[in-house]
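final.txt (compact mmCIF, C-alpha atoms)
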```txt
# COMPACT_ATOMS: atom_id res chain seq x y z
CA MET A 26 91.63 18.91 81.53
CA ASP A 27 93.18 15.65 82.69
CA ASN A 28 92.04 16.31 86.22
CA LEU A 29 88.50 16.86 85.05
CA ILE A 30 88.48 13.55 83.18
CA ILE A 31 89.82 11.72 86.24
CA LEU A 32 87.18 13.35 88.43
CA ILE A 33 84.36 12.41 86.08
CA ALA A 34 85.69 8.86 85.74
CA THR A 35 85.91 8.36 89.52
CA LEU A 36 82.45 9.84 89.99
CA PHE A 37 81.09 7.50 87.34
CA ILE A 38 82.73 4.45 88.94
CA CYS A 39 81.43 5.48 92.36
CA TYR A 40 77.97 6.00 90.90
CA MET A 41 77.97 2.52 89.37
CA THR A 42 79.26 0.69 92.45
CA GLY A 43 77.07 2.73 94.78
CA THR A 44 73.94 1.95 92.77
CA ILE A 45 74.73 -1.76 92.58
CA VAL A 46 75.44 -1.96 96.31
CA GLU A 47 72.28 -0.04 97.15
CA LYS A 48 70.04 -2.15 94.91
CA ARG A 49 71.44 -5.35 96.35
CA HIS A 50 71.01 -4.08 99.89
CA TYR A 51 67.38 -3.06 99.28
CA LYS A 52 66.64 -6.47 97.76
CA LYS A 53 68.08 -8.21 100.82
CA ILE A 54 66.19 -5.91 103.20
CA LYS A 55 62.89 -6.57 101.45
CA THR A 56 63.21 -10.36 101.51
CA ARG A 57 64.24 -10.34 105.18
CA GLU A 58 61.33 -8.06 106.07
CA LEU A 59 58.94 -10.48 104.38
CA ILE A 60 60.33 -13.41 106.37
CA LEU A 61 59.91 -11.53 109.65
CA TYR A 62 56.38 -10.23 109.09
CA LYS A 63 55.00 -12.44 111.87
CA SER A 64 57.13 -10.98 114.67
CA PRO A 65 56.00 -7.42 115.24
CA CYS A 66 58.29 -4.61 116.24
CA ILE A 67 56.59 -1.66 117.94
CA SER A 68 57.72 1.60 119.42
CA TYR A 69 55.61 1.69 122.58
CA GLY A 70 55.80 -0.45 125.68
CA LYS A 71 53.40 0.31 128.48
CA SER A 72 50.03 -0.29 126.87
CA PHE A 73 51.35 -3.41 125.15
CA LEU A 74 52.05 -4.94 128.56
CA LYS A 75 48.51 -4.31 129.76
CA ASP A 76 46.78 -6.75 127.45
CA THR A 77 49.51 -9.33 126.90
CA LYS A 78 50.91 -11.81 129.37
CA ILE A 79 54.65 -12.06 129.15
CA LYS A 80 56.88 -14.84 130.38
CA HIS A 81 60.25 -13.16 130.15
CA SER A 82 62.03 -10.33 128.43
CA PHE A 83 65.52 -9.21 127.48
CA LEU A 84 67.28 -6.33 125.76
CA VAL A 85 68.22 -6.61 122.10
CA SER A 86 70.40 -4.08 120.35
CA SER A 87 72.39 -3.70 117.18
CA SER A 88 74.18 -1.05 115.20
CA VAL A 89 74.96 -0.55 111.54
CA VAL A 90 77.50 1.77 109.97
CA ILE A 91 76.85 2.64 106.34
CA GLY A 92 79.10 4.76 104.20
CA CYS A 93 77.98 7.09 101.45
CA ASP A 94 79.88 6.71 98.19
CA ARG A 95 81.74 9.65 96.65
CA PHE A 96 79.07 10.28 94.06
CA LYS A 97 76.44 10.73 96.74
CA SER A 98 78.53 13.18 98.72
CA PHE A 99 79.30 15.04 95.49
CA LEU A 100 75.56 15.34 94.78
CA ALA A 101 74.94 16.47 98.34
CA ASN A 102 77.60 19.16 98.03
CA LEU A 103 75.94 20.42 94.87
CA ARG A 104 72.57 20.36 96.63
CA ASN A 105 74.04 22.42 99.44
CA ILE A 106 74.57 25.30 97.07
CA PHE A 107 71.01 25.44 95.77
CA GLY A 108 69.16 24.08 98.79
CA GLY A 109 66.35 21.52 98.86
CA ASN A 110 65.94 17.81 99.51
CA VAL A 111 69.24 15.96 99.75
CA SER A 112 67.67 12.77 98.40
CA SER A 113 71.01 11.00 97.90
CA TYR A 114 71.48 10.82 101.67
CA GLU A 115 67.87 9.91 102.39
CA SER A 116 68.25 6.44 100.93
CA VAL A 117 71.44 5.84 102.95
CA LEU A 118 69.70 6.73 106.21
CA ASP A 119 66.66 4.67 105.25
CA ARG A 120 68.84 1.64 104.53
CA GLY A 121 70.70 2.05 107.80
CA ARG A 122 67.54 2.27 109.89
CA ARG A 123 65.82 -0.65 108.22
CA GLU A 124 68.92 -2.79 108.49
CA ALA A 125 69.36 -1.99 112.19
CA ILE A 126 65.70 -2.78 112.94
CA LEU A 127 65.93 -6.02 110.96
CA ARG A 128 68.98 -7.10 112.92
CA ILE A 129 67.33 -6.72 116.31
CA ARG A 130 64.21 -8.48 115.04
CA GLU A 131 66.36 -11.34 113.77
CA GLU A 132 68.23 -11.51 117.07
CA ALA A 133 64.91 -11.60 118.93
CA ALA A 134 63.51 -14.28 116.61
CA GLU A 135 66.65 -16.37 117.06
CA LYS A 136 66.14 -16.37 120.82
CA ASN A 137 62.48 -17.38 120.36
CA ALA A 138 60.98 -14.03 121.33
CA ASN A 139 57.56 -13.16 119.91
CA ALA A 140 57.87 -9.41 119.60
CA VAL A 141 60.14 -6.44 120.14
CA ILE A 142 58.58 -3.57 122.10
CA ASN A 143 59.66 -0.02 122.89
CA LEU A 144 61.96 0.26 119.91
CA LYS A 145 64.40 3.18 120.03
CA LEU A 146 66.50 4.41 117.16
CA GLU A 147 69.52 6.62 117.30
CA THR A 148 71.56 8.09 114.48
CA THR A 149 75.09 9.46 114.66
CA MET A 150 77.27 10.80 111.92
CA LEU A 151 80.76 9.33 111.97
CA GLY A 152 83.54 10.35 109.64
CA SER A 153 84.18 13.73 108.10
CA SER A 154 81.90 15.86 105.97
CA GLN A 155 83.95 14.69 102.96
CA ASP A 156 82.96 11.07 103.41
CA PRO A 157 80.13 10.85 105.90
CA GLN A 158 79.22 7.56 107.54
CA VAL A 159 75.88 6.98 109.18
CA CYS A 160 75.82 4.95 112.36
CA VAL A 161 72.35 3.76 113.37
CA THR A 162 71.78 2.05 116.70
CA ALA A 163 68.48 0.28 117.33
CA TYR A 164 67.48 -1.26 120.63
CA GLY A 165 64.36 -2.58 122.25
CA THR A 166 62.95 -5.14 124.65
CA ALA A 167 62.28 -8.57 123.22
CA VAL A 168 59.37 -10.33 124.90
CA CYS A 169 58.19 -13.96 124.96
CA TYR A 170 54.48 -14.51 125.46
CA ALA A 171 53.41 -16.74 128.33
CA MET B 19 70.92 -9.65 135.16
CA ILE B 20 67.73 -8.70 133.32
CA LEU B 21 67.90 -5.66 131.06
CA THR B 22 64.85 -3.95 129.59
CA ASN B 23 64.27 -0.56 128.05
CA ILE B 24 60.73 -0.23 129.40
CA GLU B 25 59.88 1.01 132.84
CA THR B 26 59.13 -2.39 134.32
CA VAL B 27 60.29 -5.95 133.97
CA PRO B 28 57.36 -7.87 132.49
CA GLY B 29 56.19 -10.68 134.73
CA LYS B 30 58.18 -9.41 137.70
CA LYS B 31 57.65 -6.89 140.43
CA ILE B 32 60.13 -4.20 141.34
CA VAL B 33 60.87 -4.34 145.06
CA GLY B 34 63.77 -1.92 145.38
CA HIS B 35 65.43 0.94 143.55
CA TYR B 36 69.16 1.55 143.58
CA GLY B 37 69.39 4.61 141.36
CA LEU B 38 71.19 5.39 138.14
CA VAL B 39 73.93 3.14 136.78
CA SER B 40 75.94 3.92 133.69
CA GLY B 41 78.90 2.75 131.67
CA SER B 42 80.81 4.27 128.80
CA THR B 43 83.64 3.37 126.48
CA VAL B 44 85.62 5.10 123.76
CA ARG B 45 86.99 2.67 121.24
CA ALA B 46 89.07 2.91 118.08
CA LYS B 47 90.07 0.43 115.39
CA HIS B 48 93.62 -0.08 114.16
CA ALA B 49 94.77 1.85 111.11
CA GLY B 50 94.35 -1.08 108.71
CA LYS B 51 90.63 -1.16 109.33
CA ASP B 52 90.49 2.60 108.91
CA ILE B 53 92.03 2.29 105.46
CA ALA B 54 89.60 -0.48 104.54
CA ALA B 55 86.76 1.74 105.75
CA GLY B 56 88.07 4.56 103.57
CA PHE B 57 87.85 2.30 100.53
CA LYS B 58 84.33 1.24 101.41
CA ASN B 59 83.42 4.88 101.83
CA PHE B 60 84.58 5.54 98.30
CA PHE B 61 82.30 2.95 96.71
CA GLY B 62 79.42 2.87 99.18
CA GLY B 63 77.99 0.06 101.26
CA GLU B 64 78.09 -1.14 104.83
CA ILE B 65 81.37 -0.64 106.66
CA LYS B 66 81.69 -3.93 108.51
CA GLY B 67 84.78 -2.92 110.47
CA TYR B 68 83.01 0.03 112.05
CA THR B 69 79.82 -1.95 112.65
CA GLU B 70 81.95 -4.42 114.59
CA LEU B 71 83.56 -1.55 116.48
CA MET B 72 80.19 -0.14 117.50
CA ASP B 73 78.93 -3.58 118.54
CA GLU B 74 82.02 -4.15 120.67
CA SER B 75 81.80 -0.78 122.35
CA ARG B 76 78.10 -1.23 123.05
CA ARG B 77 78.80 -4.59 124.66
CA GLU B 78 81.64 -3.12 126.70
CA ALA B 79 79.55 -0.17 127.93
CA THR B 80 76.68 -2.50 128.84
CA GLN B 81 79.09 -4.79 130.69
CA ARG B 82 80.45 -1.88 132.74
CA MET B 83 76.92 -0.80 133.59
CA ILE B 84 76.01 -4.34 134.63
CA GLU B 85 79.09 -4.61 136.87
CA LEU B 86 78.15 -1.40 138.63
CA ALA B 87 74.61 -2.66 139.17
CA LYS B 88 75.91 -5.98 140.49
CA ARG B 89 78.10 -4.20 143.01
CA MET B 90 75.01 -2.34 144.22
CA GLY B 91 73.21 -5.64 144.71
CA ALA B 92 70.62 -5.17 141.99
CA ASN B 93 69.39 -7.99 139.80
CA ALA B 94 67.87 -6.01 136.93
CA ILE B 95 68.32 -2.73 135.06
CA VAL B 96 65.24 -1.03 133.65
CA ASN B 97 64.84 1.83 131.20
CA VAL B 98 68.21 1.27 129.57
CA ARG B 99 69.23 3.93 127.06
CA TYR B 100 72.19 4.19 124.71
CA ALA B 101 73.81 7.37 123.52
CA THR B 102 76.47 7.45 120.82
CA SER B 103 78.76 10.29 119.89
CA ALA B 104 81.57 10.49 117.39
CA ILE B 105 84.68 11.90 119.04
CA THR B 106 86.99 11.86 116.00
CA ALA B 107 87.00 9.97 112.73
CA GLY B 108 87.53 6.31 113.64
CA ALA B 109 86.70 6.55 117.35
CA ALA B 110 83.29 6.55 118.94
CA GLU B 111 81.92 6.80 122.43
CA VAL B 112 79.02 4.66 123.53
CA TYR B 113 77.28 5.55 126.76
CA ALA B 114 74.76 3.21 128.37
CA TYR B 115 72.63 4.20 131.32
CA GLY B 116 69.66 2.87 133.22
CA THR B 117 68.09 2.39 136.62
CA ALA B 118 69.27 -0.49 138.76
CA VAL B 119 66.42 -2.25 140.53
CA LYS B 120 65.71 -5.40 142.46
CA VAL B 121 62.92 -7.54 141.07
CA ASP B 122 60.94 -10.41 142.49
CA SER B 123 58.76 -12.77 140.52
CA ILE B 124 55.09 -11.93 140.93
CA GLN B 125 53.09 -14.26 143.14
CA PRO B 126 50.61 -16.22 141.03
CA LYS B 127 47.24 -14.48 140.93
CA LYS B 128 45.39 -17.63 142.02
CA GLN B 129 46.67 -17.26 145.56
CA VAL B 130 45.20 -13.79 145.79
CA GLU B 131 41.84 -15.01 144.48
CA ASN B 132 41.80 -17.90 146.95
CA GLY B 133 42.69 -15.65 149.82
```
Is it possible to express this structure as structure tokens?
Amino acid sequence: MDNLIILIATLFICYMTGTIVEKRHYKKIKTRELILYKSPCISYGKSFLKDTKIKHSFLVSSSVVIGCDRFKSFLANLRNIFGGNVSSYESVLDRGRREAILRIREEAAEKNANAVINLKLETTMLGSSQDPQVCVTAYGTAVCYA
Amino acid sequence: MILTNIETVPGKKIVGHYGLVSGSTVRAKHAGKDIAAGFKNFFGGEIKGYTELMDESRREATQRMIELAKRMGANAIVNVRYATSAITAGAAEVYAYGTAVKVDSIQPKKQVENG
């Protein structure tokens, strides 16, 4: 009985902290995306080069590691039994990707580039299945218009 | 050294190919950071220690690739790709690869028109 109470208490604490962290992160992501709306970030390269003159270019890359809280992995374990959308992990992956893309766009903007082209994203799972961590790497070519 | 992940270097012309260059590293953080990461994993949120680790290993792999290209006499690497794999908990491999090339700045188009 005691064990059950401890489990529920930890899950509740993890749920609270996880939700607060996630909300804060989404708020930050949204404001940063609004600031950067002028510098586009696109996933193709060749046809972009045809109609734009470019002065110089360089590689930008960044990675983000985001951990799932215990409550999320608990939910995912439950979901594994019944099958279906594991929506608790979807938001973690979404946050990781958006954060990684934002970071390379910010790096490009800092170095006075106008756009990031040929964006590539890569996701790796670090950690164990008990506490999974998502590692997202984003990289692309930052270009300055002539 | 110019790095791009598209097939050309914008504004420059490729004059020579040197073939594939690559670099890889496996890196791990000390145990203290692992414990801190464990805490973060409990409550959710970004794990800064591991983000740093991945950034460092990416830089290291890129540096090794660049050194190889320099030894070949190239001055740019095109079509750079990164691949990441988790070896164990707390250690990750980053592999960077690309094609080493020699680039020259394009002659201004005016000269061609005049000629």
Practice problem: Could you list, as a PyMOL selection string, the residues of chain A having an atom within 7 Å of chain B when counting all atoms listed in the file? | Solution: chain A and resi 39+42-43+46+70+79-84+87-95+143+149-153+156+165-166
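In this comparison, which uses all atoms listed in the file, the residue of B:His48, B:Ile95, B:Ala79, B:Arg89 approaching B:Gly34 most closely is B:Ile95.
Using only C-alpha atoms, the smallest distance between any of A:Val117, A:Ile126, A:Leu100, A:Val168 and A:Ala138 comes from A:Val168.
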Quiz item: Between B:Val112, B:Ala94, B:Val119, B:Leu86, which is the closest to B:Ser40 once you count all atoms listed in the file?
Solution: B:Leu86
Return as AutoDock Vina command-line options the centre and edge lengths, in Å with one decimal, of the box along x, y and z that encloses every atom of stretch 42-47 of chain B in the file, padded by 8 Å per side.
```
--center_x 85.4 --center_y 2.8 --center_z 122.1 --size_x 25.3 --size_y 20.7 --size_z 29.4
```
Quiz item: Leaving out A:Phe73 and any residue of its chain fewer than 4 positions from it, which residues lie within 9 Å of it when counting all atoms listed in the file, given as an MDAnalysis selection string?
Solution: chainID A and resid 69 77 142
Could you dump the residues just selected with C-alpha atoms as a compact mmCIF listing (two decimals), in the frame of the given file?
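Saved result, selection_34.txt, follows:
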```txt
# COMPACT_ATOMS: atom_id res chain seq x y z
CA TYR A 69 55.61 1.69 122.58
CA THR A 77 49.51 -9.33 126.90
CA ILE A 142 58.58 -3.57 122.10
```
Practice problem: Could you give me, as a ChimeraX atom specification, the residues within 6 Å of stretch 57-66 of chain A, counting all atoms listed in the file and dropping anything in the same chain fewer than 4 positions from it? | Solution: /A:139-142
Excluding same-chain residues fewer than 4 positions from A:Leu118, what lies within 8 Å of it counting all atoms listed in the file, as an mmCIF file with C-alpha atoms, in the frame of the given file?
```cif
data_model
loop_
_atom_site.group_PDB
_atom_site.id
_atom_site.type_symbol
_atom_site.label_atom_id
_atom_site.label_comp_id
_atom_site.auth_asym_id
_atom_site.auth_seq_id
_atom_site.Cartn_x
_atom_site.Cartn_y
_atom_site.Cartn_z
ATOM 1 C CA TYR A 114 71.480 10.820 101.670
ATOM 2 C CA ARG A 122 67.540 2.270 109.890
ATOM 3 C CA VAL A 159 75.880 6.980 109.180
#
```
Quiz item: Looking at A:Ile67, A:Val111, A:Cys169, A:Leu127, which one is nearest to A:Lys145, with distances taken over all atoms listed in the file?
Solution: A:Ile67
Quiz item: Any idea what's packed within 10 Å of A:Tyr51, counting all atoms listed in the file, ignoring anything in its chain fewer than 3 positions away? Could you give it as a PyMOL selection string?
Solution: chain A and resi 46-48+54-57+116+119-120+123-124
Please save C-alpha atoms of the selected residues as a PDB file, keeping the file's coordinate frame.
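Okay, this is what ended up in part_39.pdb:
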```pdb
ATOM      1  CA  VAL A  46      75.440  -1.960  96.310  1.00  0.00           C
ATOM      2  CA  GLU A  47      72.280  -0.040  97.150  1.00  0.00           C
ATOM      3  CA  LYS A  48      70.040  -2.150  94.910  1.00  0.00           C
ATOM      4  CA  ILE A  54      66.190  -5.910 103.200  1.00  0.00           C
ATOM      5  CA  LYS A  55      62.890  -6.570 101.450  1.00  0.00           C
ATOM      6  CA  THR A  56      63.210 -10.360 101.510  1.00  0.00           C
ATOM      7  CA  ARG A  57      64.240 -10.340 105.180  1.00  0.00           C
ATOM      8  CA  SER A 116      68.250   6.440 100.930  1.00  0.00           C
ATOM      9  CA  ASP A 119      66.660   4.670 105.250  1.00  0.00           C
ATOM     10  CA  ARG A 120      68.840   1.640 104.530  1.00  0.00           C
ATOM     11  CA  ARG A 123      65.820  -0.650 108.220  1.00  0.00           C
ATOM     12  CA  GLU A 124      68.920  -2.790 108.490  1.00  0.00           C
TER      13      GLU A 124
END
```
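For the pair atom CA of A:Leu146 and atom CA of A:Arg128, the separation is 12.5 Å.
Pairwise distance (atom CA of B:Ile84, atom CA of B:Thr117) equals 10.6 Å.
In this model, the gap between atom CA of A:Arg104 and atom CA of A:Gly121 comes to 21.5 Å.
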